[in-house]
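Undergrad: Contents of target_25.csv (CSV, C-alpha atoms):
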```
chain,number,residue,atom,x,y,z
V,13,MET,CA,47.1,-74.1,-76.7
V,14,GLN,CA,48.4,-77.4,-75.4
V,15,THR,CA,52.2,-77.3,-76.0
V,16,PRO,CA,55.0,-74.9,-75.3
V,17,ALA,CA,56.0,-75.0,-78.9
V,18,GLU,CA,52.5,-73.7,-79.9
V,19,VAL,CA,52.9,-70.8,-77.6
V,20,LEU,CA,56.5,-70.0,-78.5
V,21,ALA,CA,55.5,-70.0,-82.2
V,22,GLN,CA,53.4,-66.9,-81.4
V,23,ARG,CA,56.4,-64.8,-80.5
V,24,GLY,CA,55.9,-61.2,-81.4
V,25,GLY,CA,52.3,-61.9,-82.3
V,26,THR,CA,49.1,-61.6,-80.3
V,27,LEU,CA,47.5,-64.3,-78.2
V,28,THR,CA,43.9,-63.3,-77.6
V,29,GLY,CA,41.5,-64.9,-75.1
V,30,VAL,CA,43.5,-68.1,-74.9
V,31,TRP,CA,44.0,-70.2,-71.8
V,32,LEU,CA,47.5,-71.3,-71.0
V,33,GLU,CA,47.8,-73.8,-68.2
V,34,ARG,CA,50.5,-75.9,-66.7
V,35,LEU,CA,53.0,-75.3,-69.5
V,36,ASP,CA,56.8,-75.1,-69.1
V,37,LEU,CA,58.0,-72.1,-70.9
V,38,ARG,CA,61.3,-71.7,-69.0
V,39,GLY,CA,63.7,-69.5,-70.8
V,40,GLY,CA,61.3,-69.2,-73.7
V,41,ASP,CA,61.5,-66.3,-76.1
V,42,LEU,CA,58.2,-64.4,-76.2
V,43,ARG,CA,59.6,-60.9,-76.8
V,44,GLY,CA,57.1,-58.4,-78.1
V,45,THR,CA,54.2,-60.8,-77.7
V,46,ARG,CA,50.9,-59.4,-76.7
V,47,PHE,CA,48.7,-61.4,-74.3
V,48,ALA,CA,45.2,-60.0,-74.5
V,49,GLY,CA,42.6,-61.3,-72.1
V,50,THR,CA,44.7,-64.4,-71.7
V,51,ARG,CA,44.4,-66.7,-68.7
V,52,ILE,CA,47.9,-67.9,-67.7
V,53,HIS,CA,47.6,-70.4,-64.9
V,54,ARG,CA,50.6,-72.2,-63.3
V,55,VAL,CA,52.9,-71.6,-66.2
V,56,GLY,CA,56.6,-71.8,-65.7
V,57,LEU,CA,58.2,-68.7,-67.1
V,58,VAL,CA,61.5,-68.7,-65.2
V,59,GLU,CA,64.1,-66.5,-67.0
V,60,ALA,CA,61.7,-66.2,-70.0
V,61,LEU,CA,62.4,-63.4,-72.4
V,62,LEU,CA,59.5,-61.1,-72.2
V,63,GLU,CA,61.0,-57.8,-73.2
V,64,GLU,CA,58.5,-55.4,-74.7
V,65,ALA,CA,55.7,-57.9,-74.1
V,66,ILE,CA,52.2,-56.6,-73.4
V,67,PHE,CA,49.8,-58.2,-71.0
V,68,ASP,CA,46.5,-56.6,-71.7
V,69,GLY,CA,43.9,-57.6,-69.2
V,70,ALA,CA,45.7,-60.9,-68.6
V,71,ASP,CA,45.1,-63.0,-65.6
V,72,LEU,CA,48.2,-64.7,-64.2
V,73,LEU,CA,47.7,-67.2,-61.4
V,74,GLY,CA,50.5,-69.2,-59.7
V,75,CYS,CA,53.0,-68.5,-62.4
V,76,ASP,CA,56.8,-68.7,-61.9
V,77,LEU,CA,58.5,-65.7,-63.4
V,78,ARG,CA,61.7,-65.8,-61.4
V,79,GLY,CA,64.5,-64.0,-63.2
V,80,ALA,CA,62.3,-63.3,-66.2
V,81,ARG,CA,63.3,-60.4,-68.4
V,82,LEU,CA,60.5,-57.8,-68.7
V,83,LEU,CA,62.4,-54.8,-69.8
V,84,GLY,CA,60.1,-52.3,-71.4
V,85,ALA,CA,57.1,-54.6,-71.0
V,86,GLU,CA,53.6,-53.5,-70.1
V,87,ILE,CA,51.0,-55.0,-67.9
V,88,ARG,CA,47.7,-53.3,-68.3
V,89,GLY,CA,44.8,-54.2,-66.1
V,90,GLY,CA,44.3,-57.8,-65.0
V,91,LYS,CA,45.6,-59.5,-62.0
V,92,LEU,CA,48.7,-61.4,-60.9
V,93,ASP,CA,47.8,-63.8,-58.1
V,94,THR,CA,50.4,-65.8,-56.1
V,95,CYS,CA,53.0,-65.3,-58.9
V,96,ASP,CA,56.7,-65.4,-58.2
V,97,LEU,CA,58.4,-62.4,-59.7
V,98,SER,CA,61.5,-62.6,-57.6
V,99,ARG,CA,64.6,-61.1,-59.3
V,100,ILE,CA,62.8,-60.2,-62.5
V,101,GLU,CA,64.6,-57.7,-64.7
V,102,GLY,CA,61.9,-55.1,-65.3
V,103,ALA,CA,63.7,-51.8,-66.0
V,104,GLY,CA,61.1,-49.5,-67.6
V,105,LEU,CA,58.3,-51.9,-66.9
V,106,ARG,CA,54.9,-50.3,-67.0
V,107,LEU,CA,52.2,-51.5,-64.7
V,108,ASP,CA,48.8,-49.8,-65.3
V,109,ARG,CA,45.9,-50.6,-63.0
V,110,VAL,CA,47.2,-54.0,-62.2
V,111,ARG,CA,46.4,-55.9,-59.0
V,112,LEU,CA,49.2,-58.1,-57.5
V,113,GLU,CA,48.0,-60.3,-54.7
V,114,GLU,CA,50.4,-62.5,-52.7
V,115,CYS,CA,53.1,-62.2,-55.2
V,116,ARG,CA,56.8,-62.5,-54.5
V,117,LEU,CA,58.7,-59.4,-55.7
V,118,GLY,CA,61.8,-59.9,-53.6
V,119,GLY,CA,64.8,-58.5,-55.4
V,120,ALA,CA,62.8,-57.5,-58.5
V,121,ARG,CA,64.7,-54.8,-60.5
V,122,LEU,CA,62.2,-52.3,-61.6
V,123,THR,CA,64.4,-49.3,-62.2
V,124,GLY,CA,62.6,-46.5,-63.9
V,125,ALA,CA,59.4,-48.5,-63.8
V,126,ARG,CA,56.0,-46.8,-64.1
V,127,LEU,CA,53.4,-47.9,-61.7
V,128,ARG,CA,50.0,-46.4,-62.0
V,129,GLY,CA,46.8,-47.4,-60.1
V,130,VAL,CA,48.6,-50.5,-59.0
V,131,VAL,CA,47.5,-52.5,-55.9
V,132,ILE,CA,50.2,-54.7,-54.3
V,133,GLN,CA,48.6,-56.7,-51.6
V,134,GLY,CA,50.4,-59.1,-49.4
V,135,GLY,CA,53.2,-61.2,-50.7
V,136,GLU,CA,56.9,-60.4,-50.4
V,137,THR,CA,58.1,-56.9,-51.4
V,138,SER,CA,61.4,-56.6,-49.6
V,139,TYR,CA,64.5,-55.7,-51.5
V,140,LEU,CA,62.4,-54.4,-54.3
V,141,ASN,CA,64.4,-52.1,-56.6
V,142,LEU,CA,62.3,-49.1,-57.7
V,143,HIS,CA,65.2,-46.7,-58.4
V,144,LYS,CA,63.9,-43.6,-60.2
V,145,ALA,CA,60.5,-45.2,-60.6
V,146,LEU,CA,57.3,-43.2,-61.0
V,147,ILE,CA,54.6,-44.6,-58.8
V,148,ILE,CA,51.2,-42.9,-59.0
V,149,ASN,CA,47.9,-43.6,-57.2
V,150,SER,CA,49.1,-47.0,-56.0
V,151,ARG,CA,48.5,-48.9,-52.8
V,152,PHE,CA,50.8,-51.2,-50.9
V,153,THR,CA,49.2,-53.3,-48.2
V,154,HIS,CA,49.7,-56.5,-46.3
V,155,PRO,CA,46.4,-57.4,-44.5
V,156,ARG,CA,48.0,-60.1,-42.4
V,157,LEU,CA,51.0,-58.0,-41.2
V,158,GLY,CA,49.2,-54.7,-40.9
V,159,GLY,CA,51.2,-52.9,-43.6
V,160,ALA,CA,53.3,-53.6,-46.6
V,161,GLN,CA,56.7,-55.0,-45.9
V,162,LEU,CA,59.1,-52.7,-47.8
V,163,MET,CA,62.3,-53.5,-45.9
V,164,ARG,CA,65.4,-52.4,-47.8
V,165,VAL,CA,63.5,-51.4,-50.9
V,166,ASN,CA,65.4,-49.1,-53.2
V,167,LEU,CA,63.3,-46.0,-53.8
V,168,ARG,CA,66.3,-43.8,-54.5
V,169,GLY,CA,65.2,-40.9,-56.7
V,170,ALA,CA,61.7,-42.4,-57.1
V,171,VAL,CA,58.7,-40.1,-57.5
V,172,LEU,CA,55.7,-41.3,-55.5
V,173,SER,CA,52.4,-39.5,-55.9
V,174,GLU,CA,49.1,-40.2,-54.2
V,175,CYS,CA,50.2,-43.5,-52.9
V,176,ASP,CA,48.9,-45.4,-49.9
V,177,PHE,CA,51.7,-46.7,-47.6
V,178,LYS,CA,49.6,-46.9,-44.4
V,179,ALA,CA,51.5,-48.8,-41.7
V,180,ALA,CA,54.2,-49.8,-44.2
V,181,ASN,CA,57.5,-51.0,-42.9
V,182,PHE,CA,60.4,-49.1,-44.6
V,183,TYR,CA,63.1,-50.6,-42.5
V,184,ALA,CA,66.5,-49.7,-43.9
V,185,ALA,CA,64.9,-48.5,-47.1
V,186,ASP,CA,66.8,-46.2,-49.5
V,187,LEU,CA,64.7,-43.1,-50.1
V,188,ARG,CA,67.5,-40.8,-50.9
V,189,GLY,CA,66.3,-38.1,-53.2
V,190,ALA,CA,62.8,-39.5,-53.4
V,191,VAL,CA,59.9,-37.2,-53.9
V,192,LEU,CA,56.8,-38.2,-52.1
V,193,MET,CA,53.6,-36.2,-53.0
V,194,ARG,CA,50.3,-36.6,-51.2
V,195,CYS,CA,51.3,-40.0,-49.9
V,196,ASP,CA,49.6,-41.5,-46.9
V,197,LEU,CA,52.4,-42.5,-44.5
V,198,THR,CA,50.1,-42.9,-41.5
V,199,GLU,CA,51.7,-45.2,-39.0
V,200,ALA,CA,54.5,-46.2,-41.4
V,201,THR,CA,57.9,-46.9,-39.9
V,202,PHE,CA,61.2,-45.7,-41.3
V,203,ASN,CA,63.7,-47.2,-38.9
V,204,GLU,CA,67.2,-46.9,-40.3
V,205,ALA,CA,65.7,-45.8,-43.6
V,206,ASP,CA,67.8,-43.2,-45.5
V,207,LEU,CA,65.8,-40.2,-46.5
V,208,THR,CA,68.7,-37.9,-47.3
V,209,GLY,CA,67.6,-35.3,-49.8
V,210,ALA,CA,64.0,-36.7,-49.9
V,211,VAL,CA,61.2,-34.3,-50.3
V,212,LEU,CA,57.7,-34.8,-48.8
V,213,ILE,CA,54.9,-32.7,-50.2
V,214,GLY,CA,51.4,-32.8,-48.8
V,215,CYS,CA,51.9,-36.2,-47.2
V,216,THR,CA,49.9,-37.5,-44.3
V,217,THR,CA,52.4,-38.5,-41.6
V,218,ALA,CA,50.2,-39.1,-38.5
V,219,ARG,CA,52.0,-41.4,-36.1
V,220,THR,CA,54.7,-42.0,-38.6
V,221,ASP,CA,57.8,-43.4,-36.9
V,222,TRP,CA,60.9,-41.4,-38.0
V,223,ALA,CA,62.8,-42.2,-34.8
V,224,GLU,CA,65.7,-44.1,-36.4
V,225,ALA,CA,65.5,-42.6,-39.9
V,226,ARG,CA,68.4,-40.7,-41.4
V,227,PHE,CA,67.8,-37.4,-43.0
V,228,GLY,CA,71.3,-36.3,-43.9
V,229,ASP,CA,72.9,-33.1,-42.9
V,230,ASP,CA,70.3,-30.6,-44.0
V,231,GLU,CA,67.4,-32.8,-43.0
V,232,SER,CA,65.4,-31.4,-45.9
V,233,ALA,CA,62.9,-34.3,-45.8
V,234,ARG,CA,61.9,-33.1,-42.3
V,235,GLN,CA,60.6,-30.0,-44.0
V,236,HIS,CA,57.3,-31.4,-44.9
V,237,HIS,CA,55.8,-29.2,-47.5
V,238,GLY,CA,52.1,-29.0,-46.7
V,239,GLY,CA,50.4,-32.2,-45.6
V,240,ALA,CA,49.4,-33.3,-42.1
M,23,MET,CA,49.8,-23.8,-49.6
M,24,ALA,CA,49.3,-20.3,-48.5
M,25,GLY,CA,52.5,-18.9,-46.9
M,26,HIS,CA,54.5,-21.8,-48.2
M,27,ASP,CA,58.2,-21.6,-48.5
M,28,TRP,CA,58.6,-22.1,-52.2
M,29,GLU,CA,62.2,-21.2,-52.2
M,30,ALA,CA,62.9,-24.1,-49.8
M,31,LEU,CA,60.8,-26.4,-51.9
M,32,HIS,CA,62.7,-25.3,-55.0
M,33,ARG,CA,66.0,-26.0,-53.4
M,34,ALA,CA,64.9,-29.4,-52.1
M,35,LEU,CA,63.6,-30.5,-55.4
M,36,GLY,CA,66.8,-29.3,-57.1
M,37,GLN,CA,68.8,-31.4,-54.7
M,38,ALA,CA,66.5,-34.4,-55.0
M,39,THR,CA,66.7,-34.5,-58.7
M,40,GLY,CA,70.4,-33.8,-58.9
M,41,GLU,CA,71.1,-37.3,-60.2
M,42,TRP,CA,68.5,-37.2,-62.9
M,43,SER,CA,69.7,-36.6,-66.5
M,44,ARG,CA,67.9,-34.1,-68.6
M,45,GLU,CA,66.4,-36.9,-70.6
M,46,GLU,CA,65.1,-38.6,-67.5
M,47,LEU,CA,63.5,-35.4,-66.3
M,48,VAL,CA,61.8,-34.8,-69.6
M,49,VAL,CA,60.4,-38.4,-69.6
M,50,LEU,CA,59.2,-37.8,-66.0
M,51,LEU,CA,57.6,-34.5,-66.9
M,52,ARG,CA,55.9,-36.2,-69.9
M,53,ASP,CA,54.5,-39.0,-67.7
M,54,LEU,CA,53.2,-36.5,-65.1
M,55,ILE,CA,51.5,-34.4,-67.7
M,56,GLN,CA,50.0,-37.6,-69.2
M,57,GLU,CA,48.6,-38.5,-65.8
M,58,TYR,CA,47.5,-35.3,-64.4
M,59,VAL,CA,46.7,-33.1,-67.4
M,60,ILE,CA,45.8,-35.3,-70.4
M,61,GLU,CA,44.1,-38.4,-68.9
M,62,ARG,CA,42.7,-37.2,-65.6
M,63,GLY,CA,41.7,-33.9,-67.1
M,64,LEU,CA,42.3,-30.5,-65.6
M,65,PRO,CA,41.1,-29.9,-62.1
M,66,THR,CA,37.6,-28.4,-61.9
M,67,GLY,CA,37.4,-24.7,-62.4
M,68,THR,CA,40.7,-24.2,-64.2
M,69,PRO,CA,40.5,-21.8,-67.1
M,70,GLY,CA,41.4,-24.5,-69.5
M,71,GLN,CA,38.3,-26.6,-68.6
M,72,ALA,CA,36.1,-23.5,-68.5
M,73,ALA,CA,37.0,-22.5,-72.0
M,74,ALA,CA,34.1,-22.5,-74.4
M,75,PRO,CA,34.0,-24.9,-77.3
M,76,ASP,CA,34.1,-23.6,-80.8
M,77,LEU,CA,30.6,-22.1,-80.9
M,78,THR,CA,30.6,-21.7,-84.6
M,79,ARG,CA,30.5,-25.5,-84.9
M,80,LEU,CA,27.4,-25.8,-82.9
M,81,ASP,CA,24.0,-25.9,-84.6
M,82,PHE,CA,21.2,-23.7,-83.1
M,83,PRO,CA,19.8,-26.2,-80.6
M,84,GLY,CA,23.4,-27.0,-79.5
M,85,LEU,CA,24.2,-23.4,-79.2
M,86,ILE,CA,21.2,-22.7,-77.0
M,87,ALA,CA,21.8,-25.8,-74.9
M,88,TRP,CA,25.4,-24.7,-74.3
M,89,LEU,CA,24.4,-21.1,-73.5
M,90,LYS,CA,21.8,-22.4,-71.0
M,91,GLY,CA,24.3,-24.6,-69.4
M,92,ASN,CA,27.1,-22.1,-69.1
M,93,LEU,CA,25.5,-18.6,-68.8
M,94,SER,CA,23.4,-17.5,-65.9
M,95,VAL,CA,21.3,-15.2,-68.0
M,96,PRO,CA,17.6,-15.2,-67.0
M,97,GLU,CA,16.4,-14.7,-70.5
M,98,LEU,CA,17.8,-18.1,-71.5
M,99,ALA,CA,15.3,-19.8,-69.1
M,100,LEU,CA,12.7,-18.9,-71.7
M,101,PHE,CA,14.3,-21.3,-74.1
M,102,SER,CA,14.0,-25.0,-73.9
M,103,VAL,CA,15.6,-27.5,-76.2
M,104,ASP,CA,13.7,-30.6,-77.3
M,105,GLY,CA,15.9,-32.7,-79.5
M,106,ARG,CA,16.3,-30.7,-82.6
M,107,ARG,CA,13.7,-28.1,-81.7
M,108,VAL,CA,14.1,-25.0,-79.7
M,109,ILE,CA,11.0,-23.9,-77.9
M,110,VAL,CA,10.5,-20.4,-76.5
M,111,ASP,CA,8.0,-19.8,-73.7
M,112,ALA,CA,8.0,-16.0,-73.8
M,113,ASP,CA,4.4,-15.3,-73.4
M,114,GLY,CA,2.6,-18.6,-73.3
M,115,PRO,CA,3.8,-21.8,-75.0
M,116,ARG,CA,5.0,-21.2,-78.4
M,117,GLU,CA,7.2,-23.0,-80.9
M,118,ILE,CA,9.8,-21.7,-83.3
M,119,ALA,CA,10.6,-24.2,-86.0
M,120,PHE,CA,14.1,-22.9,-86.7
M,121,GLY,CA,15.8,-24.8,-89.4
M,122,ARG,CA,12.8,-26.8,-90.6
M,123,ALA,CA,13.1,-25.3,-94.0
M,124,THR,CA,16.5,-26.8,-94.4
M,125,GLU,CA,15.6,-30.3,-93.2
M,126,GLN,CA,16.0,-32.9,-95.9
M,127,GLY,CA,13.1,-35.2,-96.2
M,128,PRO,CA,10.1,-36.2,-98.2
M,129,PRO,CA,7.8,-33.3,-98.9
M,130,VAL,CA,5.0,-33.0,-96.4
M,131,PRO,CA,1.6,-32.1,-97.7
M,132,GLN,CA,0.8,-28.6,-96.8
M,133,ARG,CA,-2.0,-28.3,-94.3
M,134,PRO,CA,-4.5,-25.7,-95.1
M,135,ALA,CA,-4.0,-22.5,-93.2
M,136,ALA,CA,-1.0,-23.8,-91.4
M,137,ALA,CA,0.0,-21.4,-88.8
M,138,PRO,CA,2.4,-21.4,-85.8
M,139,ARG,CA,0.7,-22.9,-82.8
M,140,VAL,CA,-0.1,-20.0,-80.6
M,141,ALA,CA,-1.7,-20.2,-77.2
M,142,PRO,CA,-4.6,-17.8,-76.6
M,143,GLU,CA,-3.5,-14.6,-75.0
M,144,ARG,CA,-4.1,-14.5,-71.3
M,145,PRO,CA,-5.6,-11.6,-69.5
M,146,PRO,CA,-3.0,-9.2,-68.3
M,147,THR,CA,-3.7,-9.9,-64.7
M,148,GLN,CA,-3.0,-13.6,-65.0
M,149,GLN,CA,0.4,-14.6,-63.6
M,150,ARG,CA,2.2,-17.2,-65.7
M,151,PRO,CA,4.1,-19.9,-63.8
M,152,GLY,CA,7.7,-19.0,-63.7
M,153,ALA,CA,7.1,-15.5,-64.7
M,154,ALA,CA,8.6,-14.2,-61.6
M,155,THR,CA,12.1,-15.0,-62.9
M,156,ALA,CA,11.4,-13.6,-66.4
M,157,PRO,CA,12.6,-10.1,-66.9
M,158,ALA,CA,10.3,-7.4,-67.8
M,159,ARG,CA,10.0,-7.1,-71.6
M,160,PRO,CA,11.3,-4.0,-73.1
M,161,ALA,CA,9.0,-1.9,-75.2
M,162,ALA,CA,8.2,-3.5,-78.5
M,163,ALA,CA,11.0,-3.1,-80.9
M,164,PRO,CA,11.0,-3.8,-84.6
M,165,VAL,CA,12.4,-7.3,-85.1
M,166,THR,CA,14.3,-8.2,-88.2
M,167,ALA,CA,15.4,-11.6,-89.0
M,168,GLU,CA,17.4,-12.7,-92.0
M,169,PRO,CA,15.3,-15.2,-94.0
M,170,GLU,CA,17.1,-18.2,-95.4
M,171,ALA,CA,17.7,-18.3,-99.1
M,172,GLY,CA,14.6,-19.2,-101.0
M,173,GLU,CA,12.5,-19.0,-97.9
M,174,LYS,CA,9.6,-16.7,-97.7
M,175,PRO,CA,10.1,-14.2,-95.0
M,176,LYS,CA,8.0,-15.0,-92.0
M,177,SER,CA,6.3,-12.3,-90.0
M,178,LEU,CA,6.9,-12.8,-86.4
M,179,ASN,CA,4.0,-13.3,-84.2
M,180,ARG,CA,3.2,-10.7,-81.7
M,181,GLY,CA,4.4,-12.9,-78.9
M,182,PHE,CA,8.0,-12.6,-80.1
M,183,ARG,CA,8.1,-8.9,-80.4
M,184,GLY,CA,9.9,-8.6,-77.1
M,185,LEU,CA,12.8,-10.8,-78.2
M,186,GLU,CA,15.8,-9.3,-79.9
M,187,PHE,CA,17.8,-11.3,-82.3
M,188,ASP,CA,21.4,-10.4,-83.2
```
Take the structure I supplied and represent it as structure tokens, if you would.
TA:
Amino acid sequence: MQTPAEVLAQRGGTLTGVWLERLDLRGGDLRGTRFAGTRIHRVGLVEALLEEAIFDGADLLGCDLRGARLLGAEIRGGKLDTCDLSRIEGAGLRLDRVRLEECRLGGARLTGARLRGVVIQGGETSYLNLHKALIINSRFTHPRLGGAQLMRVNLRGAVLSECDFKAANFYAADLRGAVLMRCDLTEATFNEADLTGAVLIGCTTARTDWAEARFGDDESARQHHGGA
Amino acid sequence: MAGHDWEALHRALGQATGEWSREELVVLLRDLIQEYVIERGLPTGTPGQAAAPDLTRLDFPGLIAWLKGNLSVPELALFSVDGRRVIVDADGPREIAFGRATEQGPPVPQRPAAAPRVAPERPPTQQRPGAATAPARPAAAPVTAEPEAGEKPKSLNRGFRGLEFD
């Protein structure tokens, strides 16, 4: 497809195996569109309407999705490489076995999102809003900085199971009421993070830095249930 | 989690999920069940996974294969399944052509004096390979097998007299 009009004409339909490159789809309406095995390279999708869209095995490289609306959308498999997802609206977004490399997720609102088998490597992940999200078997890393930079992330009421947060920096993160099960928190730091009412079950906490973390009055999060 | 303080965990979870609505909790429960029960399967050794399939739906080779894989009964070692055939090595190599009469196919010319392939009997002192694991055969008992409709009853060879069919 060569023009934005050709792509936007597929709204609500299915784009299978096509290659979209260097297109300006800013603000475009692609709600409910299914991108199957599609290569989307250097496409401008700023503030695009992608509610309920499905990216099935899609490969996004260098795309600009700032402020895009991805409420209820699904991204299954595939990879997002050096994409800008800052301030996306992604409440209820489902990410299933997706790899995000060097993507900017600052300020992305993923309230109630479902992340499963997701790898988030490098990039920018501060101020990410994962309020009441369910994150399963996912890994957050930042090879150059030693661990994922999760400063001021909102994980309030989130449920995290079997996730890898080795050496992650949770500076000033909000983990109130979060439930962490079998997560690897080895060498992670929680300076000024708020873990009031958080529950840790079977987590690995070797050399985890809790020194400046807040646990509320009852310090329930300190009561690690199982784990090491 | 032997000796775990379940009461404390219960209280902590109650406090942590205090902000969740009933609907949110139901959706959370659904997604956890989807992940850990439906899609990943039950953990090994749980009663659910160990449950037998509907054995009445299996054909005879399938039934024998399932029994061999799930029961540690020495007698089942005498049976071997070769595709659609079940072979019994009770007293030398022998074949039982179960179900052949029901197979649909072109008629095969009858060989003169067709008889089950029977290995010559060995002297009683000769030890069969693998016989150490085989149980001692009980005294010869009358064997009755229900012939299939329209099929001429077959007389069982002496080699099968030690087997009992339910």
Undergrad: Which residues of chain M are close to chain V, meaning at most 12 Å apart when you count all atoms listed in the file, and how do they look as a ChimeraX atom specification?
TA: /M:23-43,46-47,49-54,56-58,62
Undergrad: Could you save the residues just selected, with C-alpha atoms, as a JSON list (two decimals), keeping the file's coordinate frame?
TA:
```json
[["chain", "number", "residue", "atom", "x", "y", "z"],
["M", 23, "MET", "CA", 49.80, -23.80, -49.60],
["M", 24, "ALA", "CA", 49.30, -20.30, -48.50],
["M", 25, "GLY", "CA", 52.50, -18.90, -46.90],
["M", 26, "HIS", "CA", 54.50, -21.80, -48.20],
["M", 27, "ASP", "CA", 58.20, -21.60, -48.50],
["M", 28, "TRP", "CA", 58.60, -22.10, -52.20],
["M", 29, "GLU", "CA", 62.20, -21.20, -52.20],
["M", 30, "ALA", "CA", 62.90, -24.10, -49.80],
["M", 31, "LEU", "CA", 60.80, -26.40, -51.90],
["M", 32, "HIS", "CA", 62.70, -25.30, -55.00],
["M", 33, "ARG", "CA", 66.00, -26.00, -53.40],
["M", 34, "ALA", "CA", 64.90, -29.40, -52.10],
["M", 35, "LEU", "CA", 63.60, -30.50, -55.40],
["M", 36, "GLY", "CA", 66.80, -29.30, -57.10],
["M", 37, "GLN", "CA", 68.80, -31.40, -54.70],
["M", 38, "ALA", "CA", 66.50, -34.40, -55.00],
["M", 39, "THR", "CA", 66.70, -34.50, -58.70],
["M", 40, "GLY", "CA", 70.40, -33.80, -58.90],
["M", 41, "GLU", "CA", 71.10, -37.30, -60.20],
["M", 42, "TRP", "CA", 68.50, -37.20, -62.90],
["M", 43, "SER", "CA", 69.70, -36.60, -66.50],
["M", 46, "GLU", "CA", 65.10, -38.60, -67.50],
["M", 47, "LEU", "CA", 63.50, -35.40, -66.30],
["M", 49, "VAL", "CA", 60.40, -38.40, -69.60],
["M", 50, "LEU", "CA", 59.20, -37.80, -66.00],
["M", 51, "LEU", "CA", 57.60, -34.50, -66.90],
["M", 52, "ARG", "CA", 55.90, -36.20, -69.90],
["M", 53, "ASP", "CA", 54.50, -39.00, -67.70],
["M", 54, "LEU", "CA", 53.20, -36.50, -65.10],
["M", 56, "GLN", "CA", 50.00, -37.60, -69.20],
["M", 57, "GLU", "CA", 48.60, -38.50, -65.80],
["M", 58, "TYR", "CA", 47.50, -35.30, -64.40],
["M", 62, "ARG", "CA", 42.70, -37.20, -65.60]]
```
Undergrad: Would you mind reading off the distance between atom CA of V:Leu92 and atom CA of M:Ile55, one decimal, in Å?
TA: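 Spanning atom CA of V:Leu92 to atom CA of M:Ile55 is a straight-line distance of 28.0 Å.
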Undergrad: Please identify all polymer residues within 12 Å of V:Gly90, counting all atoms listed in the file, omitting same-chain residues fewer than 2 positions from it, and present them as number ranges by chain.
TA: V: 47-52, 66-73, 86-88, 92-93, 107-113, 129-131
Undergrad: May I have the residues from that selection written out with C-alpha atoms, as a compact mmCIF listing (two decimals), keeping the file's coordinate frame?
TA:
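Here's the written file out-v6.txt:
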```
# COMPACT_ATOMS: atom_id res chain seq x y z
CA PHE V 47 48.70 -61.40 -74.30
CA ALA V 48 45.20 -60.00 -74.50
CA GLY V 49 42.60 -61.30 -72.10
CA THR V 50 44.70 -64.40 -71.70
CA ARG V 51 44.40 -66.70 -68.70
CA ILE V 52 47.90 -67.90 -67.70
CA ILE V 66 52.20 -56.60 -73.40
CA PHE V 67 49.80 -58.20 -71.00
CA ASP V 68 46.50 -56.60 -71.70
CA GLY V 69 43.90 -57.60 -69.20
CA ALA V 70 45.70 -60.90 -68.60
CA ASP V 71 45.10 -63.00 -65.60
CA LEU V 72 48.20 -64.70 -64.20
CA LEU V 73 47.70 -67.20 -61.40
CA GLU V 86 53.60 -53.50 -70.10
CA ILE V 87 51.00 -55.00 -67.90
CA ARG V 88 47.70 -53.30 -68.30
CA LEU V 92 48.70 -61.40 -60.90
CA ASP V 93 47.80 -63.80 -58.10
CA LEU V 107 52.20 -51.50 -64.70
CA ASP V 108 48.80 -49.80 -65.30
CA ARG V 109 45.90 -50.60 -63.00
CA VAL V 110 47.20 -54.00 -62.20
CA ARG V 111 46.40 -55.90 -59.00
CA LEU V 112 49.20 -58.10 -57.50
CA GLU V 113 48.00 -60.30 -54.70
CA GLY V 129 46.80 -47.40 -60.10
CA VAL V 130 48.60 -50.50 -59.00
CA VAL V 131 47.50 -52.50 -55.90
```
Undergrad: Tell me, in Å to one decimal, how far atom CA of V:Ala65 is from atom CA of V:Glu114.
TA: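 The value is 22.5 Å.
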Undergrad: Rounded to one decimal place, report the atom CA of V:Gly228-atom CA of V:Phe182 distance in Å.
TA: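 If I compute the distance from atom CA of V:Gly228 to atom CA of V:Phe182, I get 16.8 Å.
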Undergrad: Just give me the residues with any atom within 7 Å of (62.0, -54.2, -50.5), file coordinates, counting only C-alpha atoms, written as a count of residues only.
TA: 11
Undergrad: Just need the box for stretch 95-107 of chain M, edges along x, y and z, holding every atom the file lists for it with 6 Å tacked onto each side, so centre and edge lengths in Å to one decimal, as JSON.
TA:
```
{"center_x": 17.0, "center_y": -23.7, "center_z": -74.8, "size_x": 20.6, "size_y": 30.0, "size_z": 27.6}
```
Undergrad: Give the answer as one residue: which of V:Ala125, V:Ala180, V:Leu187, V:Ala80 has the shortest atom-to-atom distance to V:Leu97, using all atoms listed in the file?
TA: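 With all atoms listed in the file as the atom set, the closest residue is V:Ala80.
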Undergrad: Near V:Phe177, counting only C-alpha atoms, which residues have an atom at most 6 Å away, once you skip same-chain residues fewer than 3 positions from it, shown as a count of residues only?
TA: 4
Undergrad: For stretch 222-227 of chain V, list every protein, DNA or RNA residue within 6 Å, evaluated using only C-alpha atoms, and leave out those in the same chain fewer than 2 positions away; present the list as a CSV table (one decimal) with C-alpha atoms, in the frame of the given file.
TA:
```csv
chain,number,residue,atom,x,y,z
V,202,PHE,CA,61.2,-45.7,-41.3
V,203,ASN,CA,63.7,-47.2,-38.9
V,204,GLU,CA,67.2,-46.9,-40.3
V,205,ALA,CA,65.7,-45.8,-43.6
V,206,ASP,CA,67.8,-43.2,-45.5
V,207,LEU,CA,65.8,-40.2,-46.5
V,208,THR,CA,68.7,-37.9,-47.3
V,231,GLU,CA,67.4,-32.8,-43.0
```
